[in-house]
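J.: Got coords.cif for you, mmCIF, C-alpha atoms and all ligand atoms:
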```cif
data_final
loop_
_atom_site.label_atom_id
_atom_site.label_comp_id
_atom_site.auth_asym_id
_atom_site.auth_seq_id
_atom_site.Cartn_x
_atom_site.Cartn_y
_atom_site.Cartn_z
CA MET A 88 101.62 168.31 351.93
CA HIS A 89 103.87 171.33 351.54
CA PRO A 90 102.22 174.48 350.36
CA ILE A 91 103.19 175.25 346.77
CA THR A 92 104.68 178.68 346.54
CA PHE A 93 104.81 180.60 343.32
CA PRO A 94 107.04 183.54 342.60
CA PRO A 95 105.15 186.79 342.02
CA LEU A 96 105.47 186.38 338.26
CA LEU A 97 103.38 183.26 338.40
CA MET A 98 100.56 184.56 340.56
CA GLU A 99 97.21 185.08 338.96
CA PRO A 100 96.24 188.73 338.83
CA SER A 101 93.16 187.82 340.86
CA GLY A 102 95.34 186.36 343.59
CA ILE A 103 93.74 182.92 343.28
CA HIS A 104 96.15 180.29 344.49
CA PRO A 105 97.20 178.01 341.60
CA ALA A 106 96.41 174.90 343.58
CA GLU A 107 92.75 175.88 343.54
CA HIS A 108 92.50 175.33 339.80
CA SER A 109 91.41 171.91 338.73
CA GLY A 110 92.98 170.37 335.66
CA SER A 111 92.47 167.16 333.72
CA ARG A 112 92.59 163.83 335.51
CA GLY A 113 91.64 165.56 338.75
CA GLN A 114 95.10 167.09 339.09
CA PRO A 115 95.45 170.74 339.89
CA THR A 116 96.71 172.79 336.98
CA TYR A 117 99.03 175.69 337.43
CA ARG A 118 98.36 178.71 335.33
CA LEU A 119 101.65 180.19 334.35
CA ILE A 120 101.31 183.82 333.47
CA ALA A 121 104.41 185.37 332.05
CA PRO A 122 104.51 189.14 332.10
CA ARG A 123 102.39 190.61 329.32
CA LEU A 124 101.84 187.24 327.70
CA GLU A 125 98.73 187.26 325.59
CA THR A 126 98.26 183.55 326.09
CA ILE A 127 98.01 181.67 329.32
CA GLU A 128 100.42 178.78 329.46
CA THR A 129 99.67 175.75 331.58
CA LEU A 130 101.93 173.41 333.45
CA ALA A 131 100.80 170.20 335.04
CA PRO A 132 102.45 169.70 338.42
CA ALA A 133 104.06 166.45 339.40
CA PRO A 134 103.98 166.47 343.19
CA HIS A 135 104.31 162.68 343.38
CA SER A 136 107.54 162.71 341.38
CA LEU A 137 109.43 164.55 344.11
CA PRO A 138 110.93 162.97 347.19
CA ARG A 139 108.78 163.78 350.22
CA SER A 140 111.72 165.31 352.02
CA GLU A 141 112.24 167.93 349.31
CA SER A 142 110.26 171.10 349.06
CA PRO A 143 108.26 171.00 345.86
CA ARG A 144 109.65 173.53 343.42
CA PRO A 145 107.64 175.80 341.18
CA PRO A 146 107.20 174.18 337.76
CA VAL A 147 109.42 176.62 335.90
CA GLN A 148 112.19 176.00 338.36
CA ARG A 149 111.76 172.25 337.92
CA LEU A 150 112.16 172.68 334.17
CA GLN A 151 115.19 174.88 334.71
CA LEU A 152 116.79 172.17 336.84
CA SER A 153 115.72 169.06 334.95
CA ILE A 154 116.76 170.06 331.45
CA PRO A 155 120.34 171.20 332.21
CA GLU A 156 120.76 168.14 334.46
CA TRP A 157 119.71 165.89 331.58
CA PHE A 158 121.94 167.86 329.20
CA ARG A 159 125.04 167.24 331.33
CA THR A 160 124.74 163.50 330.72
CA ALA A 161 122.99 163.30 327.35
CA ALA A 162 124.63 166.09 325.33
CA ARG A 163 126.41 165.07 322.16
CA ASP A 164 130.12 165.77 322.04
CA LEU A 165 130.21 168.26 319.21
CA PRO A 166 133.40 170.13 318.29
CA TRP A 167 131.80 173.57 318.50
CA ARG A 168 130.75 172.82 322.08
CA ARG A 169 134.26 172.02 323.27
CA PRO A 170 136.07 174.61 325.38
CA GLU A 171 138.83 174.98 322.82
CA CYS A 172 136.42 176.01 320.08
CA THR A 173 136.87 179.67 319.16
CA PRO A 174 134.04 182.20 318.79
CA TRP A 175 134.66 182.01 315.04
CA GLY A 176 134.07 178.24 315.16
CA VAL A 177 130.83 178.81 317.07
CA LEU A 178 129.70 181.43 314.55
CA VAL A 179 130.42 179.11 311.62
CA SER A 180 128.55 176.25 313.31
CA GLU A 181 125.52 178.39 314.11
CA ILE A 182 125.14 179.53 310.51
CA MET A 183 125.65 176.02 309.12
CA LEU A 184 123.22 174.45 311.61
CA GLN A 185 120.34 176.80 310.97
CA GLN A 186 118.67 174.66 308.33
CA THR A 187 120.88 171.59 308.19
CA PRO A 188 121.16 168.60 310.55
CA VAL A 189 124.26 168.10 312.69
CA VAL A 190 125.31 164.94 310.87
CA ARG A 191 125.62 166.79 307.56
CA VAL A 192 127.23 169.86 309.09
CA LEU A 193 129.99 168.02 310.98
CA PRO A 194 132.32 167.11 308.07
CA VAL A 195 131.87 170.44 306.31
CA TRP A 196 132.50 172.36 309.55
CA GLU A 197 135.69 170.34 310.15
CA GLN A 198 136.98 171.04 306.63
CA TRP A 199 135.95 174.67 306.84
CA MET A 200 137.77 175.22 310.15
CA ALA A 201 140.89 173.43 308.89
CA ARG A 202 141.00 175.69 305.85
CA TRP A 203 139.75 178.91 307.45
CA PRO A 204 140.53 178.74 311.18
CA ASP A 205 139.65 182.40 311.65
CA ALA A 206 137.70 185.16 309.96
CA ALA A 207 140.85 186.68 308.45
CA ALA A 208 141.60 183.48 306.52
CA LEU A 209 138.15 183.36 304.96
CA ALA A 210 138.05 187.10 304.29
CA ALA A 211 141.29 186.77 302.28
CA GLU A 212 139.61 184.47 299.72
CA PRO A 213 136.91 185.20 297.13
CA ALA A 214 133.29 184.66 298.16
CA GLY A 215 133.05 181.96 295.48
CA GLU A 216 135.44 179.77 297.47
CA ALA A 217 133.03 179.89 300.41
CA VAL A 218 130.21 178.82 298.09
CA ARG A 219 132.36 176.01 296.70
CA ALA A 220 133.30 174.76 300.17
CA TRP A 221 129.68 174.94 301.29
CA GLY A 222 129.18 171.75 299.32
CA ARG A 223 125.72 170.21 299.64
CA LEU A 224 124.67 171.83 302.92
CA GLY A 225 121.82 173.58 301.14
CA TYR A 226 120.65 177.19 301.30
CA PRO A 227 124.03 178.34 299.91
CA ARG A 228 123.31 182.02 300.47
CA ARG A 229 124.50 181.26 303.99
CA ALA A 230 128.01 180.81 302.57
CA LEU A 231 127.89 184.32 301.14
CA ARG A 232 126.61 185.68 304.45
CA LEU A 233 129.41 183.96 306.32
CA HIS A 234 131.98 185.35 303.92
CA ALA A 235 130.54 188.87 304.22
CA ALA A 236 130.60 188.55 308.01
CA ALA A 237 134.23 187.41 307.89
CA VAL A 238 135.18 190.46 305.79
CA ALA A 239 133.44 192.79 308.26
CA ILE A 240 135.01 191.06 311.27
CA GLN A 241 138.40 191.47 309.68
CA SER A 242 137.97 195.06 308.53
CA GLU A 243 135.89 196.51 311.37
CA HIS A 244 136.61 194.37 314.42
CA ASP A 245 140.30 193.68 314.08
CA GLY A 246 139.64 190.05 313.15
CA ARG A 247 137.78 189.26 316.39
CA VAL A 248 134.19 188.06 316.51
CA PRO A 249 132.20 190.72 318.42
CA ASP A 250 131.03 189.57 321.84
CA THR A 251 127.71 191.35 322.24
CA VAL A 252 124.39 190.91 320.48
CA GLN A 253 124.41 194.56 319.47
CA HIS A 254 127.78 194.31 317.72
CA LEU A 255 127.06 190.89 316.27
CA LEU A 256 123.87 192.27 314.73
CA SER A 257 125.93 194.92 312.98
CA LEU A 258 127.66 192.22 310.92
CA PRO A 259 126.17 191.63 307.47
CA GLY A 260 123.84 188.66 307.30
CA ILE A 261 123.75 188.05 311.05
CA GLY A 262 120.19 187.99 312.36
CA SER A 263 118.82 187.99 315.87
CA TYR A 264 118.96 184.20 316.28
CA THR A 265 122.64 183.91 315.28
CA ALA A 266 123.62 186.96 317.33
CA ALA A 267 121.97 185.58 320.47
CA ALA A 268 123.39 182.09 319.94
CA VAL A 269 126.96 183.34 319.44
CA ALA A 270 126.73 185.73 322.40
CA ALA A 271 125.45 182.87 324.56
CA PHE A 272 127.54 179.92 323.39
CA ALA A 273 130.81 181.67 322.52
CA PHE A 274 130.82 184.36 325.21
CA GLY A 275 128.64 182.96 327.99
CA ARG A 276 126.16 185.81 327.87
CA ARG A 277 122.59 185.62 329.14
CA GLU A 278 120.60 185.80 325.92
CA PRO A 279 117.37 184.02 324.97
CA VAL A 280 118.17 181.72 322.06
CA VAL A 281 115.06 180.80 320.10
CA ASP A 282 115.57 178.28 317.32
CA THR A 283 113.14 175.74 315.86
CA ASN A 284 113.97 173.06 318.42
CA ILE A 285 113.65 175.42 321.37
CA ARG A 286 110.34 176.78 320.09
CA ARG A 287 108.95 173.26 319.80
CA VAL A 288 109.98 172.31 323.36
CA HIS A 289 108.51 175.54 324.74
CA ALA A 290 105.30 174.98 322.78
CA ARG A 291 104.86 171.47 324.12
CA ALA A 292 106.29 171.50 327.62
CA VAL A 293 104.97 174.92 328.61
CA SER A 294 102.14 175.93 326.27
CA GLY A 295 100.62 172.47 325.78
CA LYS A 296 100.63 172.73 321.98
CA ALA A 297 101.88 170.14 319.53
CA LEU A 298 103.73 172.73 317.46
CA PRO A 299 104.76 176.36 317.79
CA ALA A 300 103.14 178.95 315.51
CA PRO A 301 104.32 178.79 311.87
CA THR A 302 106.46 181.88 312.47
CA LEU A 303 107.98 183.25 315.64
CA THR A 304 105.53 185.37 317.63
CA ALA A 305 106.15 188.14 320.14
CA ALA A 306 104.52 186.00 322.83
CA GLU A 307 107.04 183.20 322.18
CA THR A 308 109.93 185.62 322.51
CA ARG A 309 108.53 186.90 325.81
CA LEU A 310 108.07 183.35 327.03
CA ALA A 311 111.69 182.52 326.11
CA ASN A 312 112.85 185.56 328.09
CA PHE A 313 110.66 184.59 331.00
CA LEU A 314 111.96 181.02 331.14
CA LEU A 315 115.64 182.01 330.89
CA PRO A 316 117.48 181.53 334.21
CA GLU A 317 118.82 184.74 335.74
CA ASN A 318 122.34 183.47 336.19
CA ALA A 319 124.36 183.80 332.96
CA GLY A 320 126.10 180.42 333.26
CA GLU A 321 122.83 178.65 333.97
CA SER A 322 121.14 180.46 331.10
CA VAL A 323 123.76 179.10 328.67
CA GLN A 324 123.20 175.55 329.94
CA TRP A 325 119.47 176.10 329.69
CA ASN A 326 119.64 177.31 326.09
CA ALA A 327 121.90 174.45 325.06
CA GLY A 328 119.87 171.89 326.99
CA VAL A 329 116.48 172.89 325.59
CA MET A 330 117.95 172.94 322.10
CA GLU A 331 119.41 169.47 322.54
CA LEU A 332 116.18 168.16 324.01
CA GLY A 333 114.33 169.37 320.92
CA ALA A 334 116.93 167.79 318.63
CA LEU A 335 117.16 164.38 320.34
CA VAL A 336 113.98 163.75 322.34
CA CYS A 337 111.20 166.22 321.64
CA THR A 338 111.52 165.80 317.90
CA ALA A 339 109.04 167.20 315.42
CA ARG A 340 107.55 163.95 314.19
CA SER A 341 107.97 161.44 317.00
CA PRO A 342 108.73 162.84 320.45
CA LYS A 343 110.19 160.22 322.79
CA CYS A 344 108.15 161.27 325.79
CA GLY A 345 109.00 158.09 327.72
CA GLN A 346 112.67 159.18 327.78
CA CYS A 347 112.03 162.84 328.42
CA PRO A 348 113.39 164.46 331.58
CA VAL A 349 110.41 166.83 331.78
CA ARG A 350 107.59 164.40 331.08
CA GLN A 351 106.19 165.05 334.57
CA GLU A 352 105.96 168.75 333.85
CA CYS A 353 104.98 168.60 330.18
CA ALA A 354 101.74 170.48 329.53
CA TRP A 355 101.18 168.83 326.14
CA LEU A 356 101.48 165.35 327.60
CA ALA A 357 99.22 166.28 330.52
CA ALA A 358 96.64 167.55 328.06
CA GLY A 359 96.56 164.17 326.29
CA SER A 360 98.91 165.11 323.41
CA PRO A 361 96.40 167.06 321.31
CA PRO A 362 97.11 167.24 317.56
CA PRO A 363 98.56 170.38 315.96
CA ASP A 364 96.07 173.08 315.02
CA TYR A 365 97.60 173.47 311.55
CA VAL A 366 99.35 171.25 309.03
CA PRO A 367 102.99 172.22 308.62
CA LYS A 368 104.09 172.85 305.04
CA GLY A 369 106.14 169.99 303.70
CA GLN A 370 109.66 170.66 302.48
CA SER A 371 109.27 169.32 298.97
CA TRP A 372 112.41 169.05 296.91
CA ALA A 373 111.99 167.02 293.73
CA GLY A 374 111.07 169.24 290.79
CA THR A 375 111.38 172.48 292.73
CA ASP A 376 113.39 175.52 291.72
CA ARG A 377 115.56 174.82 294.75
CA GLN A 378 116.51 171.44 293.31
CA VAL A 379 117.39 172.96 289.94
CA ARG A 380 119.38 175.77 291.53
CA GLY A 381 121.27 173.17 293.58
CA ALA A 382 122.10 171.17 290.46
CA VAL A 383 123.30 174.26 288.57
CA LEU A 384 125.39 175.37 291.53
CA ALA A 385 126.94 171.90 291.75
CA VAL A 386 128.20 172.38 288.17
CA LEU A 387 129.75 175.73 289.07
CA ARG A 388 131.32 174.31 292.22
CA ALA A 389 132.94 171.54 290.20
CA ALA A 390 134.33 173.95 287.61
CA GLU A 391 137.66 175.75 287.87
CA HIS A 392 136.81 177.89 284.82
CA PRO A 393 133.65 179.61 283.54
CA VAL A 394 131.02 177.20 282.21
CA GLN A 395 129.39 178.07 278.91
CA ARG A 396 125.75 178.97 279.40
CA GLU A 397 124.59 176.58 276.62
CA LEU A 398 126.00 173.60 278.51
CA PHE A 399 123.32 173.96 281.17
CA PHE A 400 120.60 173.53 278.56
CA ALA A 401 121.84 170.58 276.52
CA ALA A 402 124.26 167.71 276.86
CA VAL A 403 127.45 168.02 274.82
CA PRO A 404 129.93 165.27 274.02
CA GLY A 405 133.08 166.76 275.58
CA LEU A 406 134.45 169.58 277.67
CA ASP A 407 137.82 171.26 277.67
CA GLY A 408 139.89 171.64 280.80
CA SER A 409 141.28 169.44 283.52
CA ASP A 410 138.08 169.68 285.54
CA GLY A 411 136.00 168.32 282.68
CA GLY A 412 135.30 165.00 284.37
CA GLN A 413 133.68 166.47 287.45
CA VAL A 414 131.90 169.17 285.51
CA ARG A 415 130.56 166.60 283.03
CA ALA A 416 129.29 164.47 285.89
CA ALA A 417 127.58 167.47 287.50
CA LEU A 418 126.06 168.48 284.16
CA ARG A 419 124.76 164.95 283.67
CA ARG A 420 123.06 165.12 287.08
CA LEU A 421 121.44 168.38 286.01
CA HIS A 422 120.30 167.07 282.62
CA VAL A 423 118.74 163.89 283.98
CA LEU A 424 116.32 166.07 285.92
CA GLY A 425 114.67 166.85 282.58
CA VAL A 426 114.08 170.45 283.57
CA ASP A 427 112.23 172.62 281.09
CA GLU A 428 113.96 175.68 279.69
CA SER A 429 111.92 178.26 281.58
CA GLN A 430 112.67 176.66 284.96
CA LEU A 431 116.34 176.49 284.10
CA GLU A 432 116.33 180.16 283.07
CA ARG A 433 114.65 180.99 286.36
CA ALA A 434 117.27 179.05 288.31
CA LEU A 435 120.15 180.78 286.51
CA ALA A 436 118.58 184.21 286.94
CA GLY A 437 117.99 183.52 290.63
CA LEU A 438 121.57 182.45 291.25
CA LEU A 439 122.87 185.54 289.45
CA ALA A 440 120.51 187.82 291.37
CA ASP A 441 121.53 186.28 294.69
CA GLY A 442 125.22 186.72 293.94
CA LEU A 443 125.85 182.97 294.02
CA ALA A 444 126.98 183.03 290.38
CA GLU A 445 128.35 185.65 288.04
CA SER A 446 128.27 186.05 284.32
CA VAL A 447 131.67 186.54 282.63
CA ALA A 448 132.96 186.45 279.07
CA GLY A 449 133.35 182.66 279.00
CA GLY A 450 130.03 181.84 280.67
CA LEU A 451 129.01 181.46 284.30
CA GLN A 452 131.20 180.99 287.36
CA LEU A 453 131.15 181.26 291.13
CA PRO A 454 131.53 184.82 292.41
CA ALA A 455 135.11 186.08 292.39
S1 LIG B 501 107.24 164.94 327.36
FE1 LIG B 501 107.23 164.60 325.17
S2 LIG B 501 106.24 166.39 324.29
FE2 LIG B 501 106.75 166.89 326.40
S3 LIG B 501 108.71 167.95 326.23
FE3 LIG B 501 109.14 165.78 326.61
S4 LIG B 501 109.36 164.83 324.57
FE4 LIG B 501 108.42 166.84 324.33
#
```
Would you mind giving the structure from this file in structure tokens?
Ligand code: SF4

T.:
Amino acid sequence: MHPITFPPLLMEPSGIHPAEHSGSRGQPTYRLIAPRLETIETLAPAPHSLPRSESPRPPVQRLQLSIPEWFRTAARDLPWRRPECTPWGVLVSEIMLQQTPVVRVLPVWEQWMARWPDAAALAAEPAGEAVRAWGRLGYPRRALRLHAAAVAIQSEHDGRVPDTVQHLLSLPGIGSYTAAAVAAFAFGRREPVVDTNIRRVHARAVSGKALPAPTLTAAETRLANFLLPENAGESVQWNAGVMELGALVCTARSPKCGQCPVRQECAWLAAGSPPPDYVPKGQSWAGTDRQVRGAVLAVLRAAEHPVQRELFFAAVPGLDGSDGGQVRAALRRLHVLGVDESQLERALAGLLADGLAESVAGGLQLPA
């Protein structure tokens, strides 16, 4: 059997060879120690999965090879991944995808890019048009953020999406995740991208846990940096591959471990798939303020003119204006919720405070 060599980063401080540790099922267990990680991550080796003629690779390297290799054949053909997609298209997709599945984002992204193919086009229109076009993607404050970013790109960056994390972070509403994702996927930079899917794959495959911590920890960020391949091109493939693996195979509720390219290396599987150590909060919808806000915003999106405030509180027989049909339908959908007055007031106040609606002489409307 070939000796298993570990890079210095993976050596135990004591100098004990990893193969001397004994894991479950009589297999040796590697102890992966990333620099300054508070937690010790484990990886189960899979020496029998490798052809005898090949030198066994360290487990991290096997992950770094297996996932991009799988990605090359399994990746979905998404428009924002195509070579012709502009950095602006990547930025729009990253903001839309943050809390919304691909299948719902696709049509809105296509319409958005047809109408606003660059930041200048969006910046030239009122923010309310971005909110209107956001449709039912949810979390509509993202539309305002995207519009604000477009205005800054146009006024401060000559209409070009900045190509470094530092400059991307200077845009309004762009956080560390979006900045890293755009720098990586639009500009090929070596940046650790850490979204929900990537965190889940890291937690399972490397840390042996069913779920990552409820919120991103410093240790997770260090682990993401540690796992990132050195080569910029490979790091982009790695980020995209891990993300896709989390979206298609290592899903939150029912991971398809039998189809997973890293099942031989997966620490969670090797540990017997232990349950999560906390119960994730459910994303309830019915009866929530979010639902009411969504219904109110749907009325404003349907309206070409201000909507009288009273109309949100009680059904009325008719409405003036050419958009009356759509507005009436949206109001009906709001009224059938049977929302009490205080919740409706809260929803209206929240939308006004967030800048998603504005109060004018004739009532409420999308921001101008
Ligand atoms: S083997 Fe299962 S749990 Fe492990 S990374 Fe693959 S899908 Fe996720």

J.: At a cut-off of 7 Å around ligand LIG 501 (chain B), and using all atoms listed in the file, what residues come up? Please write them as JSON, numbers by chain.

T.: {"A": [288, 291, 292, 336, 337, 342, 343, 344, 347, 348, 349, 350, 353, 354, 355, 356]}

J.: One decimal, in Å: what's the spacing between atom CA of Gln185 of chain A and atom CA of Thr265 of chain A?

T.: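 If I compute the distance from atom CA of Gln185 of chain A to atom CA of Thr265 of chain A, I get 8.6 Å.
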
J.: Kindly indicate which residue among A:Ala339, A:Val190, A:Ala390, A:Val248 lies nearest to Val177 of chain A, using only C-alpha atoms for the distances.

T.: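 Using only C-alpha atoms, Val177 of chain A sits closest to A:Val248.
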
J.: At a cut-off of 9 Å, using only C-alpha atoms, what residues contact Pro204 of chain A? Leave out same-chain residues fewer than 3 positions from it and give the result as a count of residues only.

T.: 9

J.: Just give me the residues with any atom within 10 Å of (117.0, 182.4, 295.3), file coordinates, counting all atoms listed in the file, written as JSON, numbers by chain.

T.: {"A": [226, 227, 228, 376, 377, 380, 433, 434, 435, 436, 437, 438, 439, 440, 441, 442, 443]}

J.: May I ask which of the residues A:Trp221, A:Pro213, A:Glu171, A:Ala235 is the closest one to Arg191 of chain A, counting all atoms listed in the file?

T.: A:Trp221

J.: Taking only C-alpha atoms into account, name the residue in A:Leu231, A:Ala416, A:Leu184, A:Gly425 that is nearest to Asp282 of chain A.

T.: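 The answer is A:Leu184, which sits nearest to Asp282 of chain A.
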
J.: I'd like the box whose edges run along x, y and z of the file and which contains every listed atom of segment 289-302 of chain A, padded by 8 Å per side; could you state its centre and edge lengths in Å, one decimal, as AutoDock Vina command-line options?

T.:
```
--center_x 104.6 --center_y 176.0 --center_z 320.2 --size_x 23.9 --size_y 27.7 --size_z 32.7
```

J.: If you count only C-alpha atoms, which residues fall within 7 Å of Arg277 of chain A, apart from same-chain ones fewer than 4 positions away, as a compact mmCIF listing (two decimals) with C-alpha atoms, in the frame of the given file?

T.:
```txt
# COMPACT_ATOMS: atom_id res chain seq x y z
CA ALA A 271 125.45 182.87 324.56
CA ALA A 319 124.36 183.80 332.96
CA SER A 322 121.14 180.46 331.10
CA VAL A 323 123.76 179.10 328.67
```

J.: Give as a PyMOL selection string every residue, naming chains and numbers as the document does, that has an atom within 12 Å of (137.3, 192.2, 308.1), counting only C-alpha atoms.

T.: chain A and resi 205-212+233-249+258-259

J.: Near Ala300 of chain A, within 12 Å and counting all atoms listed in the file, which residues show up once chain neighbours fewer than 2 positions away are dropped, as a ChimeraX atom specification?

T.: /A:283,286-287,289-291,294,296-298,302-308,363-367

J.: From the set A:Asn318, A:Gln430, A:Gln452, A:Gln413, which residue has the shortest atom-to-atom contact distance to Leu384 of chain A, counting all atoms listed in the file?

T.: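 Using all atoms listed in the file, Leu384 of chain A sits closest to A:Gln452.
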
J.: Given the choices A:Glu216, A:Glu278, A:Glu432, A:Asp164, which gets closest to Gly320 of chain A if the distance is worked out from all atoms listed in the file?

T.: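 Residue with the minimum atom-to-atom distance to Gly320 of chain A: A:Glu278.
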
J.: What does the structure give for the distance between atom CA of Phe274 of chain A and atom CA of Pro174 of chain A, in Å to one decimal?

T.: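 Going from atom CA of Phe274 of chain A over to atom CA of Pro174 of chain A covers 7.5 Å.
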
J.: Taking only C-alpha atoms into account, name the residue in A:Leu451, A:Leu335, A:Ile261, A:Val269 that is nearest to Asn284 of chain A.

T.: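 Among A:Leu451, A:Leu335, A:Ile261, A:Val269, it is A:Leu335 that comes nearest to Asn284 of chain A.
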
J.: Excluding segment 179-183 of chain A and its own-chain neighbours fewer than 5 positions away, which residues fall within 7 Å of it when counting all atoms listed in the file? Please give them as a list in words.

T.: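 In the requested form, the answer reads Trp167, Val192, Trp196, Arg229 and Thr265 of chain A.
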
J.: Pick out the residues sitting within 9 Å of Leu152 of chain A, and hand them over as a JSON list (two decimals) with C-alpha atoms, in the coordinates of the input; count only C-alpha atoms, and ignore anything fewer than 5 positions along from it in its own chain.

T.:
```
[["chain", "number", "residue", "atom", "x", "y", "z"],
["A", 147, "VAL", "CA", 109.42, 176.62, 335.90],
["A", 157, "TRP", "CA", 119.71, 165.89, 331.58],
["A", 325, "TRP", "CA", 119.47, 176.10, 329.69]]
```

J.: How many Å lie between atom CA of Leu332 of chain A and atom CA of Arg232 of chain A, rounded to one decimal?

T.: 28.3 Å
